[in-house]
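See below for target-v1.pdb, which holds PDB, C-alpha atoms.
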```
ATOM      1  CA  MET Q  25      18.538 -41.758 173.910
ATOM      2  CA  VAL Q  26      17.991 -42.278 177.622
ATOM      3  CA  ARG Q  27      21.166 -41.417 179.511
ATOM      4  CA  ILE Q  28      22.107 -43.407 182.596
ATOM      5  CA  PRO Q  29      24.909 -42.567 185.056
ATOM      6  CA  LEU Q  30      27.904 -44.669 184.211
ATOM      7  CA  LEU Q  31      29.218 -46.528 187.199
ATOM      8  CA  LEU Q  32      32.177 -48.463 185.955
ATOM      9  CA  ALA Q  33      35.527 -48.587 184.366
ATOM     10  CA  ALA Q  34      35.748 -51.579 182.080
ATOM     11  CA  CYS Q  35      38.706 -53.372 180.646
ATOM     12  CA  ALA Q  36      39.413 -55.095 177.395
ATOM     13  CA  CYS Q  37      41.533 -58.205 177.479
ATOM     14  CA  LEU Q  38      42.713 -57.432 173.982
ATOM     15  CA  LEU Q  39      43.848 -60.217 171.732
ATOM     16  CA  PRO Q  40      47.225 -59.740 170.059
ATOM     17  CA  THR Q  41      46.844 -57.563 167.008
ATOM     18  CA  THR Q  42      49.137 -55.934 164.494
ATOM     19  CA  SER Q  43      48.511 -52.803 162.504
ATOM     20  CA  ALA Q  44      49.758 -52.218 158.996
ATOM     21  CA  SER Q  45      52.692 -50.405 160.550
ATOM     22  CA  ALA Q  46      53.936 -53.685 162.099
ATOM     23  CA  ALA Q  47      55.050 -51.797 165.217
ATOM     24  CA  ASP Q  48      57.480 -53.784 167.292
ATOM     25  CA  ARG Q  49      56.848 -55.077 170.775
ATOM     26  CA  SER Q  50      58.462 -52.025 172.383
ATOM     27  CA  THR Q  51      55.251 -50.095 171.683
ATOM     28  CA  ALA Q  52      52.968 -52.662 173.333
ATOM     29  CA  MET Q  53      51.168 -51.789 176.553
ATOM     30  CA  PRO Q  54      51.755 -53.866 179.691
ATOM     31  CA  GLY Q  55      48.133 -54.936 179.494
ATOM     32  CA  PRO Q  56      44.675 -53.739 178.513
ATOM     33  CA  LEU Q  57      44.160 -51.960 181.827
ATOM     34  CA  VAL Q  58      46.759 -49.677 183.393
ATOM     35  CA  THR Q  59      46.933 -48.304 186.904
ATOM     36  CA  THR Q  60      47.429 -44.718 187.941
ATOM     37  CA  THR Q  61      50.905 -45.669 189.153
ATOM     38  CA  TRP Q  62      51.864 -46.982 185.714
ATOM     39  CA  LEU Q  63      50.496 -43.904 183.998
ATOM     40  CA  ALA Q  64      52.269 -41.522 186.368
ATOM     41  CA  GLY Q  65      55.542 -43.255 185.565
ATOM     42  CA  HIS Q  66      55.027 -42.958 181.799
ATOM     43  CA  LEU Q  67      53.267 -39.603 181.581
ATOM     44  CA  ASP Q  68      56.212 -37.925 179.851
ATOM     45  CA  ASP Q  69      56.948 -40.739 177.408
ATOM     46  CA  PRO Q  70      57.219 -39.159 173.951
ATOM     47  CA  ASP Q  71      55.115 -41.897 172.346
ATOM     48  CA  LEU Q  72      52.242 -41.700 174.851
ATOM     49  CA  VAL Q  73      48.893 -40.369 173.629
ATOM     50  CA  LEU Q  74      46.491 -39.703 176.502
ATOM     51  CA  LEU Q  75      42.805 -39.256 175.650
ATOM     52  CA  HIS Q  76      40.285 -37.656 178.033
ATOM     53  CA  VAL Q  77      36.636 -38.651 177.522
ATOM     54  CA  GLY Q  78      33.952 -36.557 179.189
ATOM     55  CA  GLU Q  79      32.351 -33.143 179.228
ATOM     56  CA  ARG Q  80      34.382 -30.306 177.736
ATOM     57  CA  GLU Q  81      33.828 -28.159 180.808
ATOM     58  CA  GLY Q  82      35.273 -30.875 183.019
ATOM     59  CA  PHE Q  83      38.344 -31.217 180.837
ATOM     60  CA  GLU Q  84      38.968 -27.474 180.923
ATOM     61  CA  ALA Q  85      38.498 -27.378 184.708
ATOM     62  CA  GLY Q  86      41.192 -30.002 185.222
ATOM     63  CA  HIS Q  87      42.661 -33.003 183.437
ATOM     64  CA  ILE Q  88      45.657 -35.306 183.556
ATOM     65  CA  PRO Q  89      48.743 -33.513 182.194
ATOM     66  CA  HIS Q  90      49.273 -33.878 178.415
ATOM     67  CA  ALA Q  91      45.762 -35.262 177.887
ATOM     68  CA  ARG Q  92      43.865 -34.474 174.697
ATOM     69  CA  TYR Q  93      40.114 -34.048 174.732
ATOM     70  CA  VAL Q  94      38.177 -36.543 172.610
ATOM     71  CA  THR Q  95      34.484 -37.091 171.929
ATOM     72  CA  LEU Q  96      32.649 -39.938 170.247
ATOM     73  CA  ASP Q  97      32.084 -37.630 167.282
ATOM     74  CA  ASP Q  98      35.870 -37.617 166.847
ATOM     75  CA  ILE Q  99      36.103 -41.379 166.409
ATOM     76  CA  ALA Q 100      32.665 -42.432 165.136
ATOM     77  CA  LEU Q 101      30.036 -41.612 162.540
ATOM     78  CA  SER Q 102      27.288 -39.780 164.420
ATOM     79  CA  ASP Q 103      24.154 -38.734 162.559
ATOM     80  CA  HIS Q 104      22.342 -36.127 164.621
ATOM     81  CA  SER Q 105      19.710 -35.433 161.955
ATOM     82  CA  GLY Q 106      17.540 -38.361 162.909
ATOM     83  CA  LYS Q 107      17.870 -39.983 159.486
ATOM     84  CA  GLY Q 108      20.882 -42.185 160.186
ATOM     85  CA  LEU Q 109      22.100 -44.161 163.190
ATOM     86  CA  MET Q 110      23.519 -42.278 166.165
ATOM     87  CA  LEU Q 111      26.784 -44.196 166.388
ATOM     88  CA  GLU Q 112      28.625 -46.221 163.755
ATOM     89  CA  MET Q 113      32.184 -47.353 163.121
ATOM     90  CA  PRO Q 114      33.769 -45.320 160.293
ATOM     91  CA  PRO Q 115      35.261 -47.057 157.262
ATOM     92  CA  GLU Q 116      39.012 -47.664 157.170
ATOM     93  CA  ALA Q 117      40.213 -44.507 155.463
ATOM     94  CA  ASP Q 118      37.956 -42.234 157.499
ATOM     95  CA  LEU Q 119      38.908 -43.880 160.795
ATOM     96  CA  HIS Q 120      42.586 -43.635 159.872
ATOM     97  CA  ASP Q 121      42.309 -39.877 159.394
ATOM     98  CA  ARG Q 122      40.345 -39.437 162.629
ATOM     99  CA  LEU Q 123      42.952 -41.313 164.673
ATOM    100  CA  ALA Q 124      45.870 -39.521 163.029
ATOM    101  CA  ALA Q 125      44.203 -36.194 163.824
ATOM    102  CA  LEU Q 126      44.294 -37.176 167.510
ATOM    103  CA  GLY Q 127      48.058 -37.521 167.308
ATOM    104  CA  ILE Q 128      48.078 -41.311 167.062
ATOM    105  CA  GLY Q 129      50.936 -42.655 164.974
ATOM    106  CA  ASP Q 130      52.703 -45.891 164.220
ATOM    107  CA  ARG Q 131      54.638 -45.922 167.492
ATOM    108  CA  SER Q 132      52.007 -44.393 169.762
ATOM    109  CA  ARG Q 133      50.819 -46.016 172.946
ATOM    110  CA  VAL Q 134      47.329 -44.799 173.787
ATOM    111  CA  VAL Q 135      45.720 -44.557 177.222
ATOM    112  CA  VAL Q 136      42.041 -43.651 177.408
ATOM    113  CA  TYR Q 137      40.398 -42.390 180.591
ATOM    114  CA  PHE Q 138      37.033 -40.951 181.600
ATOM    115  CA  GLY Q 139      36.828 -37.609 183.352
ATOM    116  CA  LYS Q 140      34.023 -38.368 185.795
ATOM    117  CA  ASP Q 141      31.857 -41.419 185.175
ATOM    118  CA  TRP Q 142      31.720 -41.601 181.380
ATOM    119  CA  ALA Q 143      33.029 -45.152 181.335
ATOM    120  CA  SER Q 144      31.142 -46.588 178.365
ATOM    121  CA  PRO Q 145      32.104 -43.711 176.042
ATOM    122  CA  ALA Q 146      35.708 -44.408 177.089
ATOM    123  CA  THR Q 147      35.365 -48.131 176.387
ATOM    124  CA  ARG Q 148      33.835 -47.283 173.000
ATOM    125  CA  VAL Q 149      37.036 -45.367 172.215
ATOM    126  CA  VAL Q 150      39.200 -48.295 173.322
ATOM    127  CA  PHE Q 151      37.042 -50.726 171.328
ATOM    128  CA  THR Q 152      37.481 -48.521 168.262
ATOM    129  CA  LEU Q 153      41.257 -48.606 168.708
ATOM    130  CA  ASP Q 154      41.122 -52.396 168.812
ATOM    131  CA  VAL Q 155      39.021 -52.503 165.636
ATOM    132  CA  ALA Q 156      41.680 -50.282 164.052
ATOM    133  CA  GLY Q 157      44.336 -52.890 164.868
ATOM    134  CA  LEU Q 158      45.838 -50.909 167.747
ATOM    135  CA  GLY Q 159      44.672 -53.208 170.530
ATOM    136  CA  GLU Q 160      48.123 -54.126 171.791
ATOM    137  CA  ARG Q 161      49.042 -50.458 172.008
ATOM    138  CA  SER Q 162      45.979 -49.124 173.806
ATOM    139  CA  ALA Q 163      44.579 -49.434 177.303
ATOM    140  CA  LEU Q 164      42.025 -48.034 179.708
ATOM    141  CA  LEU Q 165      43.021 -46.264 182.920
ATOM    142  CA  ASP Q 166      41.457 -48.252 185.740
ATOM    143  CA  GLY Q 167      39.100 -45.967 187.662
ATOM    144  CA  GLY Q 168      39.641 -43.010 185.342
ATOM    145  CA  MET Q 169      40.165 -39.474 186.583
ATOM    146  CA  PRO Q 170      38.538 -40.192 189.993
ATOM    147  CA  ALA Q 171      41.185 -42.857 190.678
ATOM    148  CA  TRP Q 172      43.955 -40.544 189.437
ATOM    149  CA  GLN Q 173      42.943 -37.836 191.882
ATOM    150  CA  ARG Q 174      42.166 -40.258 194.695
ATOM    151  CA  ASP Q 175      45.717 -41.596 194.409
ATOM    152  CA  GLY Q 176      47.137 -38.106 194.827
ATOM    153  CA  HIS Q 177      48.314 -37.387 191.282
ATOM    154  CA  ALA Q 178      48.302 -33.861 189.896
ATOM    155  CA  VAL Q 179      45.845 -32.410 187.416
ATOM    156  CA  THR Q 180      46.250 -29.331 185.268
ATOM    157  CA  ARG Q 181      44.198 -26.775 183.374
ATOM    158  CA  ASP Q 182      46.998 -26.272 180.856
ATOM    159  CA  ILE Q 183      46.250 -27.507 177.353
ATOM    160  CA  ASP Q 184      49.191 -28.681 175.289
ATOM    161  CA  LYS Q 185      49.618 -27.109 171.882
ATOM    162  CA  PRO Q 186      48.677 -29.476 169.049
ATOM    163  CA  SER Q 187      51.699 -31.359 167.805
ATOM    164  CA  ALA Q 188      52.483 -32.065 164.181
ATOM    165  CA  ARG Q 189      50.213 -34.635 162.587
ATOM    166  CA  SER Q 190      51.529 -38.118 163.325
ATOM    167  CA  THR Q 191      52.391 -40.646 160.667
ATOM    168  CA  LEU Q 192      49.921 -43.503 160.829
ATOM    169  CA  SER Q 193      50.103 -46.300 158.297
ATOM    170  CA  PRO Q 194      46.906 -47.416 156.518
ATOM    171  CA  LEU Q 195      44.616 -49.448 158.746
ATOM    172  CA  SER Q 196      43.304 -52.959 158.281
ATOM    173  CA  LEU Q 197      40.148 -53.142 160.393
ATOM    174  CA  LYS Q 198      39.476 -56.226 162.485
ATOM    175  CA  PRO Q 199      36.089 -57.852 161.729
ATOM    176  CA  LEU Q 200      34.525 -57.139 165.127
ATOM    177  CA  ILE Q 201      31.394 -55.352 163.866
ATOM    178  CA  VAL Q 202      28.269 -57.327 162.906
ATOM    179  CA  ASP Q 203      24.860 -56.414 161.521
ATOM    180  CA  ALA Q 204      21.250 -57.412 162.153
ATOM    181  CA  ALA Q 205      21.422 -60.356 159.736
ATOM    182  CA  PHE Q 206      24.413 -61.802 161.612
ATOM    183  CA  VAL Q 207      22.613 -61.385 164.944
ATOM    184  CA  GLN Q 208      19.521 -63.159 163.606
ATOM    185  CA  ALA Q 209      21.621 -66.018 162.278
ATOM    186  CA  HIS Q 210      23.717 -66.515 165.420
ATOM    187  CA  ALA Q 211      21.521 -65.463 168.362
ATOM    188  CA  ASN Q 212      20.746 -69.064 169.284
ATOM    189  CA  GLU Q 213      23.648 -70.830 167.609
ATOM    190  CA  PRO Q 214      25.867 -72.995 169.840
ATOM    191  CA  GLY Q 215      29.125 -71.260 170.689
ATOM    192  CA  TYR Q 216      27.590 -67.783 170.551
ATOM    193  CA  ALA Q 217      25.952 -65.724 173.281
ATOM    194  CA  LEU Q 218      23.914 -62.640 172.425
ATOM    195  CA  VAL Q 219      24.131 -60.246 175.378
ATOM    196  CA  ASP Q 220      22.133 -57.075 176.027
ATOM    197  CA  GLY Q 221      24.322 -54.531 177.827
ATOM    198  CA  ARG Q 222      21.561 -52.050 178.688
ATOM    199  CA  ALA Q 223      20.093 -51.492 182.145
ATOM    200  CA  ARG Q 224      17.837 -54.364 183.188
ATOM    201  CA  ALA Q 225      14.687 -52.223 183.029
ATOM    202  CA  PHE Q 226      15.102 -51.853 179.266
ATOM    203  CA  TYR Q 227      15.800 -55.550 178.790
ATOM    204  CA  ASP Q 228      12.722 -56.509 180.820
ATOM    205  CA  GLY Q 229      10.520 -54.039 178.984
ATOM    206  CA  VAL Q 230       9.738 -51.930 182.044
ATOM    207  CA  ASP Q 231      11.305 -48.898 180.329
ATOM    208  CA  THR Q 232      11.556 -48.079 176.634
ATOM    209  CA  GLY Q 233      14.637 -46.414 175.213
ATOM    210  CA  GLY Q 234      14.893 -44.204 172.169
ATOM    211  CA  ALA Q 235      17.092 -42.055 169.969
ATOM    212  CA  HIS Q 236      16.509 -38.803 168.088
ATOM    213  CA  GLY Q 237      13.240 -38.498 170.002
ATOM    214  CA  VAL Q 238      11.968 -41.733 168.464
ATOM    215  CA  ALA Q 239      11.110 -44.600 170.791
ATOM    216  CA  HIS Q 240      12.701 -47.988 170.253
ATOM    217  CA  GLU Q 241      10.789 -51.217 170.513
ATOM    218  CA  THR Q 242      10.057 -52.304 174.073
ATOM    219  CA  GLY Q 243      11.980 -55.300 175.362
ATOM    220  CA  HIS Q 244      15.039 -57.078 173.979
ATOM    221  CA  ILE Q 245      16.172 -59.096 170.977
ATOM    222  CA  VAL Q 246      14.743 -62.590 171.093
ATOM    223  CA  GLY Q 247      17.271 -64.962 172.626
ATOM    224  CA  ALA Q 248      19.430 -62.284 174.263
ATOM    225  CA  ARG Q 249      20.830 -62.572 177.768
ATOM    226  CA  SER Q 250      21.204 -59.611 180.125
ATOM    227  CA  ILE Q 251      24.457 -58.308 181.611
ATOM    228  CA  PRO Q 252      23.910 -54.599 182.356
ATOM    229  CA  PHE Q 253      26.936 -52.425 181.740
ATOM    230  CA  THR Q 254      26.429 -50.964 185.217
ATOM    231  CA  SER Q 255      27.088 -54.367 186.805
ATOM    232  CA  ILE Q 256      30.685 -54.640 185.601
ATOM    233  CA  GLY Q 257      32.352 -52.169 187.967
ATOM    234  CA  ASN Q 258      32.892 -51.489 191.640
ATOM    235  CA  ASP Q 259      31.491 -48.506 193.512
ATOM    236  CA  ASP Q 260      34.841 -46.699 193.139
ATOM    237  CA  LEU Q 261      34.563 -47.026 189.319
ATOM    238  CA  THR Q 262      37.284 -49.663 189.018
ATOM    239  CA  LEU Q 263      36.699 -52.941 187.260
ATOM    240  CA  LYS Q 264      35.433 -55.930 189.237
ATOM    241  CA  SER Q 265      37.721 -58.896 189.762
ATOM    242  CA  PRO Q 266      37.827 -61.666 187.148
ATOM    243  CA  ALA Q 267      36.099 -64.017 189.600
ATOM    244  CA  ALA Q 268      33.256 -61.564 190.158
ATOM    245  CA  LEU Q 269      32.921 -60.984 186.416
ATOM    246  CA  ARG Q 270      32.901 -64.729 185.760
ATOM    247  CA  SER Q 271      30.003 -65.064 188.190
ATOM    248  CA  LEU Q 272      28.046 -62.416 186.281
ATOM    249  CA  PHE Q 273      28.564 -64.138 182.949
ATOM    250  CA  ASP Q 274      27.863 -67.595 184.379
ATOM    251  CA  ALA Q 275      24.608 -66.357 185.892
ATOM    252  CA  ALA Q 276      23.578 -64.967 182.502
ATOM    253  CA  GLY Q 277      24.204 -68.326 180.836
ATOM    254  CA  VAL Q 278      27.349 -67.322 178.958
ATOM    255  CA  ARG Q 279      29.610 -70.346 178.802
ATOM    256  CA  PRO Q 280      33.410 -70.194 178.815
ATOM    257  CA  GLY Q 281      34.641 -69.928 175.237
ATOM    258  CA  ASP Q 282      31.396 -68.527 173.824
ATOM    259  CA  THR Q 283      31.718 -65.700 171.315
ATOM    260  CA  VAL Q 284      29.846 -62.815 172.915
ATOM    261  CA  ILE Q 285      27.757 -60.637 170.590
ATOM    262  CA  GLY Q 286      26.991 -57.414 172.423
ATOM    263  CA  TYR Q 287      24.362 -54.755 171.812
ATOM    264  CA  CYS Q 288      22.746 -51.891 173.734
ATOM    265  CA  HIS Q 289      20.812 -48.753 172.730
ATOM    266  CA  ILE Q 290      23.201 -47.440 170.046
ATOM    267  CA  GLY Q 291      26.464 -49.397 170.418
ATOM    268  CA  GLN Q 292      28.110 -47.558 173.314
ATOM    269  CA  GLN Q 293      27.193 -49.182 176.635
ATOM    270  CA  ALA Q 294      27.733 -52.673 175.234
ATOM    271  CA  THR Q 295      31.449 -51.966 174.781
ATOM    272  CA  ALA Q 296      31.896 -51.917 178.563
ATOM    273  CA  MET Q 297      30.294 -55.343 178.877
ATOM    274  CA  LEU Q 298      32.342 -56.617 175.937
ATOM    275  CA  PHE Q 299      35.586 -55.509 177.561
ATOM    276  CA  ALA Q 300      34.697 -57.536 180.611
ATOM    277  CA  ALA Q 301      33.969 -60.480 178.317
ATOM    278  CA  ARG Q 302      37.405 -60.112 176.735
ATOM    279  CA  LEU Q 303      39.023 -60.079 180.144
ATOM    280  CA  LEU Q 304      37.462 -63.494 180.670
ATOM    281  CA  GLY Q 305      38.862 -64.721 177.357
ATOM    282  CA  HIS Q 306      35.733 -64.509 175.212
ATOM    283  CA  PRO Q 307      35.954 -63.574 171.541
ATOM    284  CA  VAL Q 308      33.659 -60.570 171.143
ATOM    285  CA  LEU Q 309      31.578 -58.890 168.440
ATOM    286  CA  LEU Q 310      29.550 -55.672 168.525
ATOM    287  CA  TYR Q 311      26.183 -55.181 166.858
ATOM    288  CA  ASP Q 312      26.990 -51.571 166.057
ATOM    289  CA  GLY Q 313      23.496 -50.390 165.160
ATOM    290  CA  SER Q 314      22.211 -52.118 168.285
ATOM    291  CA  PHE Q 315      18.598 -51.702 169.385
ATOM    292  CA  GLU Q 316      18.207 -48.498 167.374
ATOM    293  CA  ASP Q 317      18.828 -50.413 164.140
ATOM    294  CA  TRP Q 318      16.871 -53.476 165.301
ATOM    295  CA  SER Q 319      13.815 -51.350 166.106
ATOM    296  CA  ARG Q 320      13.926 -49.549 162.756
ATOM    297  CA  ARG Q 321      13.877 -52.906 161.020
ATOM    298  CA  ASP Q 322      10.859 -54.008 163.095
ATOM    299  CA  LEU Q 323      12.553 -57.272 163.996
ATOM    300  CA  PRO Q 324      11.283 -59.638 166.727
ATOM    301  CA  VAL Q 325      11.549 -58.610 170.376
ATOM    302  CA  GLU Q 326      10.394 -60.038 173.668
ATOM    303  CA  THR Q 327       9.999 -58.796 177.226
ATOM    304  CA  ALA Q 328      10.427 -60.421 180.627
ATOM    305  CA  ALA Q 329       6.736 -61.305 180.496
ATOM    306  CA  THR Q 330       6.815 -62.863 177.027
ATOM    307  CA  GLY Q 331      10.353 -64.256 176.964
ATOM    308  CA  HIS Q 332      11.389 -67.812 177.494
TER     309      HIS Q 332
END
```

Entire entry expressed as structure tokens:
Amino acid sequence: MVRIPLLLAACACLLPTTSASAADRSTAMPGPLVTTTWLAGHLDDPDLVLLHVGEREGFEAGHIPHARYVTLDDIALSDHSGKGLMLEMPPEADLHDRLAALGIGDRSRVVVYFGKDWASPATRVVFTLDVAGLGERSALLDGGMPAWQRDGHAVTRDIDKPSARSTLSPLSLKPLIVDAAFVQAHANEPGYALVDGRARAFYDGVDTGGAHGVAHETGHIVGARSIPFTSIGNDDLTLKSPAALRSLFDAAGVRPGDTVIGYCHIGQQATAMLFAARLLGHPVLLYDGSFEDWSRRDLPVETAATGH
């Protein structure tokens, strides 16, 4: 997979959800995006679970106090053999055990942040929490670790000892994941907007992505619009204003109220774009296999030169 510097912190305007635990409103977050000021004021809350996404070396060099290190392998199915897809949502029971192992329980409130500029891995974690039914109780730290340090808050190299495994009730996953057949059936259907979250060069067919050393098809899924994940954030890694985001989606031809179906290389970068879509009130769906799966199936693609 081609790796691109991540330049944004994205937000999910998460629709009200309930988990099987039926946690009461006291565990809800103030919103899908929290500020460094809010986090500093709640850092010692006993029900707070703080997840650091980034390189292990960066976490060990300094992180927000009480943070736990998390990778995509911790919350997703990742086949590194080249036979399966690189990133997939686990089934209910597996995802339940993965989240419980991170210390997430029935009364937990979860804040996810990126250590440097790993914004789309962080939004993939937040998206996964929403799929798990924990959307009301999870949020992204606006601007991540750079904002935390820029605002003068302390970091530490101390690593908290693992706490006892939390009690997490069985999950009931929200139907936010779709497959290639769904994409084919809805790509041009009124009320839906298929959006490619990759860098524009991949969408146009100037560059060709790949995974496991195998090149994907060149171009984009027929009928897809382009909103690069790198366009969602400001230079300081915070999320753009709703008005600025609305302009991006309007320019791409996404109409208010459309259900946004997002895809990218493997199902990571698109989650940043989808969070912006949620902030604007769009229902969202993720094509989890994304262009990796589409290419393996040899399904139709187009480039900027051949598109319409």

Exercise. In Å to one decimal, how far is atom CA of Q:Thr60 from atom CA of Q:Trp172?
Worked result: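 Straight-line distance from atom CA of Q:Trp172 to atom CA of Q:Thr60 works out to 5.6 Å.
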
Exercise. What gap, in Å, lies between atom CA of Q:Ala64 and atom CA of Q:Tyr137?
Worked result: 13.2 Å

Problem set entry | Expansion of the PyMOL selection byres ((chain Q and resi 150-157) around 9) into residues, as JSON, numbers by chain | {"Q": [35, 36, 38, 39, 41, 42, 43, 44, 99, 100, 113, 116, 119, 120, 123, 134, 135, 136, 145, 146, 147, 148, 149, 158, 159, 160, 161, 162, 163, 164, 195, 196, 197, 198, 199, 200, 201, 295, 296, 298, 299]}

For this session: Tell me which of Q:Ala143, Q:Ile128, Q:Val58, Q:Leu109 sits closest to Q:Gly78, counting all atoms listed in the file.
Result: Q:Ala143

For this session: Could you expand the PyMOL selection byres ((chain Q and resi 285) around 9) into the explicit residues it covers here, written as a PyMOL selection string?
Result: chain Q and resi 202+207+210-211+216-220+283-284+286-287+298+307-311

Exercise. When distances are computed from all atoms listed in the file, which of Q:Asp141, Q:Asp166, Q:Asp231, Q:Glu316 shows the smallest separation from Q:Pro56?
Worked result: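 Using all atoms listed in the file, the shortest distance to Q:Pro56 belongs to Q:Asp166.
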
Residue contacts of Q:Lys107 (12 Å, only C-alpha atoms) excluding same-chain residues fewer than 5 positions away, as a PDB file with C-alpha atoms, in the coordinates of the input:
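Written file, part.pdb:
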```pdb
ATOM      1  CA  SER Q 102      27.288 -39.780 164.420  1.00  0.00           C
ATOM      2  CA  ALA Q 235      17.092 -42.055 169.969  1.00  0.00           C
ATOM      3  CA  HIS Q 236      16.509 -38.803 168.088  1.00  0.00           C
ATOM      4  CA  GLY Q 237      13.240 -38.498 170.002  1.00  0.00           C
ATOM      5  CA  VAL Q 238      11.968 -41.733 168.464  1.00  0.00           C
ATOM      6  CA  GLU Q 316      18.207 -48.498 167.374  1.00  0.00           C
ATOM      7  CA  ASP Q 317      18.828 -50.413 164.140  1.00  0.00           C
ATOM      8  CA  ARG Q 320      13.926 -49.549 162.756  1.00  0.00           C
TER       9      ARG Q 320
END
```

Problem set entry | Residues in the PyMOL selection byres ((chain Q and resi 318) around 12), expressed as a PyMOL selection string | chain Q and resi 109+203-208+234+239-246+287-291+311-317+319-325

Problem set entry | Non-local contacts of stretch 178-180 of chain Q (7 Å; only C-alpha atoms; under 5 positions in same chain excluded) as JSON, numbers by chain | {"Q": [86, 87, 88, 89, 173]}

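A straight line drawn from atom CA of Q:Arg249 to atom CA of Q:Leu111 is 22.4 Å long.
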
Exercise. Which residue, Q:Gly55, Q:Pro280, Q:Pro214, Q:Gly127, has the smallest gap to Q:Ala91 when you use all atoms listed in the file?
Worked result: Q:Gly127

Since the input is missing atoms for stretch 180-198 of chain Q, could you rebuild it with N, CA and C atoms and give the result as an mmCIF file, in the frame of the given file?
```cif
data_model
loop_
_atom_site.group_PDB
_atom_site.id
_atom_site.type_symbol
_atom_site.label_atom_id
_atom_site.label_comp_id
_atom_site.auth_asym_id
_atom_site.auth_seq_id
_atom_site.Cartn_x
_atom_site.Cartn_y
_atom_site.Cartn_z
ATOM 1 N N THR Q 180 45.879 -30.634 185.782
ATOM 2 C CA THR Q 180 46.250 -29.331 185.268
ATOM 3 C C THR Q 180 45.110 -28.749 184.447
ATOM 4 N N ARG Q 181 45.130 -27.441 184.285
ATOM 5 C CA ARG Q 181 44.198 -26.775 183.374
ATOM 6 C C ARG Q 181 44.909 -26.375 182.086
ATOM 7 N N ASP Q 182 46.222 -26.607 182.049
ATOM 8 C CA ASP Q 182 46.998 -26.272 180.856
ATOM 9 C C ASP Q 182 46.648 -27.228 179.720
ATOM 10 N N ILE Q 183 46.536 -26.695 178.530
ATOM 11 C CA ILE Q 183 46.250 -27.507 177.353
ATOM 12 C C ILE Q 183 47.452 -27.456 176.429
ATOM 13 N N ASP Q 184 48.024 -28.616 176.160
ATOM 14 C CA ASP Q 184 49.191 -28.681 175.289
ATOM 15 C C ASP Q 184 48.849 -28.195 173.888
ATOM 16 N N LYS Q 185 49.807 -27.529 173.267
ATOM 17 C CA LYS Q 185 49.618 -27.109 171.882
ATOM 18 C C LYS Q 185 49.589 -28.334 170.980
ATOM 19 N N PRO Q 186 48.725 -28.328 169.965
ATOM 20 C CA PRO Q 186 48.677 -29.476 169.049
ATOM 21 C C PRO Q 186 50.037 -29.739 168.429
ATOM 22 N N SER Q 187 50.429 -30.990 168.422
ATOM 23 C CA SER Q 187 51.699 -31.359 167.805
ATOM 24 C C SER Q 187 51.487 -31.602 166.318
ATOM 25 N N ALA Q 188 52.574 -31.779 165.614
ATOM 26 C CA ALA Q 188 52.483 -32.065 164.181
ATOM 27 C C ALA Q 188 51.724 -33.378 163.970
ATOM 28 N N ARG Q 189 50.997 -33.439 162.881
ATOM 29 C CA ARG Q 189 50.213 -34.635 162.587
ATOM 30 C C ARG Q 189 51.110 -35.863 162.541
ATOM 31 N N SER Q 190 50.724 -36.912 163.254
ATOM 32 C CA SER Q 190 51.529 -38.118 163.325
ATOM 33 C C SER Q 190 51.398 -38.939 162.045
ATOM 34 N N THR Q 191 52.417 -39.741 161.809
ATOM 35 C CA THR Q 191 52.391 -40.646 160.667
ATOM 36 C C THR Q 191 51.769 -41.963 161.094
ATOM 37 N N LEU Q 192 50.624 -42.267 160.519
ATOM 38 C CA LEU Q 192 49.921 -43.503 160.829
ATOM 39 C C LEU Q 192 49.719 -44.273 159.531
ATOM 40 N N SER Q 193 50.229 -45.478 159.501
ATOM 41 C CA SER Q 193 50.103 -46.300 158.297
ATOM 42 C C SER Q 193 48.636 -46.656 158.048
ATOM 43 N N PRO Q 194 48.286 -47.014 156.810
ATOM 44 C CA PRO Q 194 46.906 -47.416 156.518
ATOM 45 C C PRO Q 194 46.442 -48.531 157.443
ATOM 46 N N LEU Q 195 45.173 -48.478 157.808
ATOM 47 C CA LEU Q 195 44.616 -49.448 158.746
ATOM 48 C C LEU Q 195 44.074 -50.676 158.020
ATOM 49 N N SER Q 196 44.001 -51.761 158.743
ATOM 50 C CA SER Q 196 43.304 -52.959 158.281
ATOM 51 C C SER Q 196 42.367 -53.353 159.412
ATOM 52 N N LEU Q 197 41.089 -52.994 159.284
ATOM 53 C CA LEU Q 197 40.148 -53.142 160.393
ATOM 54 C C LEU Q 197 39.889 -54.609 160.728
ATOM 55 N N LYS Q 198 39.829 -54.890 162.023
ATOM 56 C CA LYS Q 198 39.476 -56.226 162.485
ATOM 57 C C LYS Q 198 37.970 -56.420 162.341
#
```
